[in-house]
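Encoded as structure tokens, the structure appears first; notes follow it.
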Amino acid sequence: MLKQPAKMIYDLRQHKSLRKAYLKQQIRNSQFPTRELSELFSEPQQKIESLRREYSELQLSTELKDKVTKKRRETKWNGGGQIGEEIELLYIVTRLLEPDRIIETGVSAGYSTAFILTALKKNGHGQLRSIDLPVYQSDTDPYDEFGSYLPDGEKSGWAIPDGLRDQWELYEGKSSEHLNSILKDWRSIDVFFHDSGHTYHTMRWEYDTAWPHIRPGGVLASDDIYLPRLRDLGDPFGDFAKRENISPITYSEMGILPVSDSGRLRTQKRRAMRRLRDY
Ligand SMILES: C[S@@+](CC[C@H](N)C(=O)[O-])C[C@H]1O[C@@H](n2cnc3c(N)ncnc32)[C@H](O)[C@@H]1O
């Protein structure tokens, strides 16, 4: 007979592989947040549904997959990972928000970059600046679970179709080298999207650094929000959302945090308090 079933379930969840399976199931079961997006952007749900149809009809996934398959066939490269289903949320948010300025960290082959650029092209305006530390297969563990490394001789974003590059600038190196100077140049941005190094430190540093520059009405988006928990590295996205007192909109592994006027005031107040404390 089970003496303490609740404790047993708790103990089982502490077991890494079971916790991983539990979280993965949660991710798989996630529903596309049509209602939440409709409320956030004050658009009818039909508009979100029509953008979902637009996304499903894009030829881009096929084009990217063909390029990656060809490269794998022709070289010894076995990277490239997969196009995550969460990219749909990023695409639709970019279409709804019609941003002028987006910063992205983490490019690799360029899947998310290509979808953001497609959305900007359809919007008819907007610039994307992406930061990526180029990593090659020879630099990494060949069993890297995502295969986010570049084929020899290729640059970050190598798979992005040429016709999408007009609204794009690439900054090679770590986010810690480039993010502050891009923010200083642009001052205010509409969207910050994280998909670079998924350690607690990098994720929190990027969120904390970009957040004060996102205009009210803009969003912070992050991929792989559950990954640090799966790796016992804590919950940087959850902790950040809690600190800002915002319920995120999530789909698969993507999280979106909208910036409101009141949220912006809270951030300013916290910074003023910190300045007073340090004075
Ligand atoms: C998960 S991949 C990006 C995937 C891409 N967003 C996509 O949808 O295909 C992560 C990328 O971030 C890069 N990276 C890792 N740490 C970084 C850092 N601190 N700053 C900038 N890029 C980083 C890696 O080299 C890799 O190219």
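Lettering and numbering for the structure tokens are positional, with chains as A, B, ... in the shown order, residues counted from 1 in each chain, and ligands counted from 1 in the shown order.
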Polymer residues at most 12 Å from segment 43-46 of chain A, only C-alpha atoms, same-chain spacing of 2 or more positions, as a PyMOL selection string: chain A and resi 32-41+48-53+93+95-97
Writer output for current selection, C-alpha atoms, as a short mmCIF file (atom, residue, chain, number, x, y, z; two decimals), in the first residue's frame:
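Printed below is again27.cif as written:
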```
data_model
loop_
_atom_site.label_atom_id
_atom_site.label_comp_id
_atom_site.auth_asym_id
_atom_site.auth_seq_id
_atom_site.Cartn_x
_atom_site.Cartn_y
_atom_site.Cartn_z
CA PHE A 32 -2.68 27.75 -30.01
CA PRO A 33 -3.59 30.92 -28.02
CA THR A 34 -6.13 32.37 -30.50
CA ARG A 35 -8.35 33.96 -27.83
CA GLU A 36 -5.42 35.45 -25.90
CA LEU A 37 -3.93 37.01 -29.06
CA SER A 38 -7.32 38.33 -30.09
CA GLU A 39 -7.69 40.05 -26.69
CA LEU A 40 -4.12 41.36 -26.58
CA PHE A 41 -4.21 42.88 -30.06
CA ILE A 48 -5.93 35.22 -35.98
CA GLU A 49 -7.42 32.21 -37.75
CA SER A 50 -6.77 33.74 -41.17
CA LEU A 51 -3.15 34.42 -40.16
CA ARG A 52 -2.85 30.79 -39.08
CA ARG A 53 -4.04 29.78 -42.57
CA VAL A 93 2.70 38.15 -33.45
CA ARG A 95 2.10 40.10 -38.45
CA LEU A 96 -0.28 41.48 -35.83
CA LEU A 97 2.11 43.95 -34.23
#
```
Excluding Leu179 of chain A and any residue of its chain fewer than 4 positions from it, enumerate the residues within 12 Å of it, using only C-alpha atoms, and give them as a compact mmCIF listing (two decimals) with C-alpha atoms, in the first residue's frame.
```txt
# COMPACT_ATOMS: atom_id res chain seq x y z
CA ILE A 102 12.97 43.75 -33.90
CA ILE A 103 16.05 42.35 -32.21
CA GLU A 104 16.65 38.59 -32.27
CA THR A 105 19.38 36.62 -30.52
CA GLY A 106 20.26 33.15 -31.86
CA ARG A 129 18.77 42.90 -36.35
CA SER A 130 19.97 39.45 -35.29
CA ILE A 131 22.90 38.51 -33.07
CA ASP A 132 24.43 35.05 -33.38
CA LEU A 170 23.46 40.17 -38.80
CA TYR A 171 25.81 40.83 -35.86
CA GLU A 172 28.23 37.96 -35.31
CA GLY A 173 29.30 37.26 -31.74
CA LYS A 174 27.75 36.92 -28.30
CA SER A 175 24.68 38.90 -27.30
CA LEU A 183 19.74 49.08 -28.06
CA LYS A 184 21.70 52.29 -27.65
CA ASP A 185 21.42 52.95 -31.37
CA TRP A 186 17.71 52.13 -31.68
CA ARG A 187 16.73 53.25 -28.15
CA ILE A 189 12.21 48.54 -30.05
CA PHE A 192 12.84 41.41 -28.54
CA PHE A 193 13.14 37.71 -29.35
CA HIS A 194 15.51 35.41 -27.45
CA SER A 196 20.49 32.14 -28.15
CA THR A 202 22.14 34.43 -20.62
CA TRP A 205 20.62 38.96 -18.83
CA GLU A 206 19.01 39.33 -22.27
CA TYR A 207 15.47 39.77 -20.87
CA ASP A 208 16.67 42.28 -18.25
CA THR A 209 18.73 44.24 -20.78
CA ALA A 210 16.15 44.40 -23.57
CA TRP A 211 12.99 44.86 -21.48
CA HIS A 213 13.74 49.35 -24.36
```
Atom CA of Asp152 of chain A to atom 10 (C, counted along the ligand's line) of ligand 1: how many Å, to one decimal?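 These two atoms are separated by 16.4 Å.
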Which is closest to ligand 1 among A:Ala159, A:Leu128, A:Ile246, A:Leu230, if we use only C-alpha atoms and all ligand atoms?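 Result for the nearest residue to ligand 1: A:Ala159.
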I'd like the interatomic distance between atom CA of Ser181 of chain A and atom 7 (C, counted along the ligand's line) of ligand 1, to a tenth of an Å. 22.8 Å
One decimal, Å: what's the distance from atom CA of Gly79 of chain A over to atom CA of Ala109 of chain A, could you say? 9.0 Å
Identify all residues of segment 61-178 of chain A in strand (DSSP E) (DSSP on the backbone) and supply them as an MDAnalysis selection string. chainID A and resid 101:105 127:132 168:172
So that I can see what lies close to Gly110 of chain A, please list as a ChimeraX atom specification the residues with an atom at most 9 Å from it, counting only C-alpha atoms and leaving out residues fewer than 2 positions away in the same chain. /A:64,106-108,112-115,156-160
Print the selection's residues with N, CA and C atoms to a file, as a short mmCIF file (atom, residue, chain, number, x, y, z; two decimals), in the first residue's frame.
```
data_model
loop_
_atom_site.label_atom_id
_atom_site.label_comp_id
_atom_site.auth_asym_id
_atom_site.auth_seq_id
_atom_site.Cartn_x
_atom_site.Cartn_y
_atom_site.Cartn_z
N LEU A 64 13.20 25.74 -46.67
CA LEU A 64 14.27 25.62 -45.68
C LEU A 64 14.67 24.15 -45.49
N GLY A 106 20.25 34.57 -31.53
CA GLY A 106 20.26 33.15 -31.86
C GLY A 106 19.68 32.92 -33.25
N VAL A 107 20.56 32.65 -34.22
CA VAL A 107 20.12 32.52 -35.62
C VAL A 107 20.37 31.09 -36.14
N SER A 108 21.61 30.62 -35.97
CA SER A 108 22.02 29.32 -36.52
C SER A 108 21.67 29.24 -38.02
N SER A 112 13.93 30.78 -37.51
CA SER A 112 13.09 31.84 -36.93
C SER A 112 13.32 33.15 -37.68
N THR A 113 14.58 33.42 -38.04
CA THR A 113 14.92 34.65 -38.75
C THR A 113 14.14 34.74 -40.06
N ALA A 114 14.10 33.62 -40.80
CA ALA A 114 13.42 33.62 -42.10
C ALA A 114 11.92 33.86 -41.93
N PHE A 115 11.33 33.30 -40.87
CA PHE A 115 9.88 33.52 -40.67
C PHE A 115 9.60 34.96 -40.23
N SER A 156 26.10 32.28 -40.12
CA SER A 156 24.79 32.24 -39.45
C SER A 156 23.73 32.71 -40.44
N GLY A 157 22.62 32.01 -40.48
CA GLY A 157 21.52 32.40 -41.37
C GLY A 157 21.71 31.92 -42.80
N TRP A 158 22.62 30.94 -42.99
CA TRP A 158 22.95 30.49 -44.35
C TRP A 158 21.73 29.96 -45.12
N ALA A 159 20.72 29.43 -44.42
CA ALA A 159 19.57 28.83 -45.14
C ALA A 159 18.50 29.86 -45.52
N ILE A 160 18.65 31.10 -45.06
CA ILE A 160 17.62 32.12 -45.35
C ILE A 160 17.61 32.44 -46.84
#
```
Could you please write out, as number ranges by chain, every residue of segment 200-279 of chain A that DSSP assigns to helix (DSSP H, G or I)? A: 200-213, 227-230, 236-244, 261-278
Create the file for the chosen residues now, containing N, CA and C atoms and written as a short mmCIF file (atom, residue, chain, number, x, y, z; two decimals), in the first residue's frame.
```cif
data_model
loop_
_atom_site.label_atom_id
_atom_site.label_comp_id
_atom_site.auth_asym_id
_atom_site.auth_seq_id
_atom_site.Cartn_x
_atom_site.Cartn_y
_atom_site.Cartn_z
N TYR A 200 20.52 30.02 -17.55
CA TYR A 200 19.77 30.99 -16.74
C TYR A 200 20.38 32.37 -16.90
N HIS A 201 21.71 32.44 -16.83
CA HIS A 201 22.39 33.73 -16.87
C HIS A 201 22.11 34.46 -18.18
N THR A 202 22.31 33.77 -19.31
CA THR A 202 22.14 34.43 -20.62
C THR A 202 20.70 34.86 -20.83
N MET A 203 19.77 33.97 -20.50
CA MET A 203 18.35 34.32 -20.73
C MET A 203 17.95 35.52 -19.88
N ARG A 204 18.28 35.47 -18.58
CA ARG A 204 17.89 36.59 -17.71
C ARG A 204 18.60 37.87 -18.10
N TRP A 205 19.88 37.75 -18.47
CA TRP A 205 20.62 38.96 -18.83
C TRP A 205 19.98 39.61 -20.07
N GLU A 206 19.63 38.77 -21.05
CA GLU A 206 19.01 39.33 -22.27
C GLU A 206 17.64 39.94 -21.97
N TYR A 207 16.80 39.23 -21.20
CA TYR A 207 15.47 39.77 -20.87
C TYR A 207 15.64 41.11 -20.12
N ASP A 208 16.50 41.08 -19.09
CA ASP A 208 16.67 42.28 -18.25
C ASP A 208 17.20 43.46 -19.06
N THR A 209 18.10 43.17 -20.00
CA THR A 209 18.73 44.24 -20.78
C THR A 209 17.77 44.81 -21.81
N ALA A 210 17.02 43.93 -22.49
CA ALA A 210 16.15 44.40 -23.57
C ALA A 210 14.86 45.03 -23.06
N TRP A 211 14.34 44.50 -21.97
CA TRP A 211 12.99 44.86 -21.48
C TRP A 211 12.74 46.37 -21.38
N PRO A 212 13.64 47.16 -20.76
CA PRO A 212 13.34 48.59 -20.62
C PRO A 212 13.27 49.32 -21.96
N HIS A 213 13.73 48.69 -23.04
CA HIS A 213 13.74 49.35 -24.36
C HIS A 213 12.53 48.97 -25.22
N LEU A 227 13.21 24.80 -21.40
CA LEU A 227 14.47 24.05 -21.49
C LEU A 227 15.36 24.14 -20.24
N PRO A 228 15.54 25.34 -19.67
CA PRO A 228 16.39 25.38 -18.48
C PRO A 228 15.87 24.49 -17.36
N ARG A 229 14.54 24.41 -17.24
CA ARG A 229 13.97 23.53 -16.19
C ARG A 229 14.30 22.07 -16.49
N LEU A 230 14.27 21.71 -17.78
CA LEU A 230 14.60 20.33 -18.15
C LEU A 230 16.06 20.02 -17.88
N PRO A 236 14.29 30.80 -15.82
CA PRO A 236 14.51 32.23 -16.06
C PRO A 236 13.28 32.96 -16.60
N PHE A 237 12.54 32.34 -17.53
CA PHE A 237 11.39 33.02 -18.12
C PHE A 237 10.28 33.18 -17.07
N GLY A 238 10.01 32.09 -16.34
CA GLY A 238 8.97 32.14 -15.31
C GLY A 238 9.31 33.17 -14.23
N ASP A 239 10.57 33.20 -13.83
CA ASP A 239 10.98 34.16 -12.78
C ASP A 239 10.85 35.59 -13.28
N PHE A 240 11.22 35.81 -14.55
CA PHE A 240 11.14 37.17 -15.10
C PHE A 240 9.67 37.61 -15.18
N ALA A 241 8.81 36.70 -15.69
CA ALA A 241 7.37 37.03 -15.82
C ALA A 241 6.79 37.33 -14.44
N LYS A 242 7.21 36.56 -13.44
CA LYS A 242 6.70 36.76 -12.08
C LYS A 242 7.15 38.14 -11.57
N ARG A 243 8.40 38.46 -11.81
CA ARG A 243 8.91 39.76 -11.33
C ARG A 243 8.12 40.91 -11.95
N GLU A 244 7.77 40.76 -13.23
CA GLU A 244 7.03 41.84 -13.91
C GLU A 244 5.52 41.71 -13.71
N ASP A 261 1.65 49.99 -20.49
CA ASP A 261 2.06 51.27 -19.89
C ASP A 261 2.32 51.10 -18.41
N SER A 262 1.42 50.34 -17.72
CA SER A 262 1.60 50.19 -16.27
C SER A 262 2.85 49.37 -15.98
N GLY A 263 3.12 48.37 -16.84
CA GLY A 263 4.33 47.56 -16.66
C GLY A 263 5.57 48.43 -16.82
N ARG A 264 5.52 49.32 -17.82
CA ARG A 264 6.66 50.21 -18.06
C ARG A 264 6.89 51.11 -16.84
N LEU A 265 5.77 51.61 -16.24
CA LEU A 265 5.89 52.46 -15.05
C LEU A 265 6.53 51.70 -13.89
N ARG A 266 6.10 50.42 -13.76
CA ARG A 266 6.66 49.59 -12.67
C ARG A 266 8.17 49.44 -12.84
N THR A 267 8.60 49.21 -14.10
CA THR A 267 10.04 49.04 -14.36
C THR A 267 10.78 50.33 -14.01
N GLN A 268 10.20 51.48 -14.42
CA GLN A 268 10.86 52.76 -14.13
C GLN A 268 10.96 52.99 -12.62
N LYS A 269 9.88 52.63 -11.91
CA LYS A 269 9.87 52.83 -10.46
C LYS A 269 10.95 51.96 -9.80
N ARG A 270 11.04 50.70 -10.28
CA ARG A 270 12.02 49.80 -9.68
C ARG A 270 13.44 50.31 -9.92
N ARG A 271 13.67 50.85 -11.12
CA ARG A 271 15.01 51.38 -11.42
C ARG A 271 15.31 52.61 -10.56
N ALA A 272 14.29 53.47 -10.37
CA ALA A 272 14.49 54.67 -9.55
C ALA A 272 14.80 54.28 -8.11
N MET A 273 14.07 53.24 -7.62
CA MET A 273 14.30 52.77 -6.24
C MET A 273 15.73 52.24 -6.11
N ARG A 274 16.18 51.50 -7.17
CA ARG A 274 17.53 50.94 -7.12
C ARG A 274 18.57 52.06 -7.10
N ARG A 275 18.30 53.11 -7.91
CA ARG A 275 19.24 54.25 -7.95
C ARG A 275 19.31 54.92 -6.59
N LEU A 276 18.13 55.08 -5.95
CA LEU A 276 18.09 55.71 -4.62
C LEU A 276 18.88 54.88 -3.60
N ARG A 277 18.66 53.53 -3.70
CA ARG A 277 19.30 52.62 -2.76
C ARG A 277 20.82 52.68 -2.92
N ASP A 278 21.28 52.77 -4.20
CA ASP A 278 22.71 52.75 -4.45
C ASP A 278 23.37 54.12 -4.20
#
```
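Nearest residue to ligand 1 among A:Lys65, A:His125, A:Arg165, A:Lys71 is A:Lys65, counting only C-alpha atoms and all ligand atoms.
If only C-alpha atoms are the atoms counted, then among A:Asp235, A:Glu177, A:Asp162, A:Glu169 the closest residue to His198 of chain A is A:Asp235.
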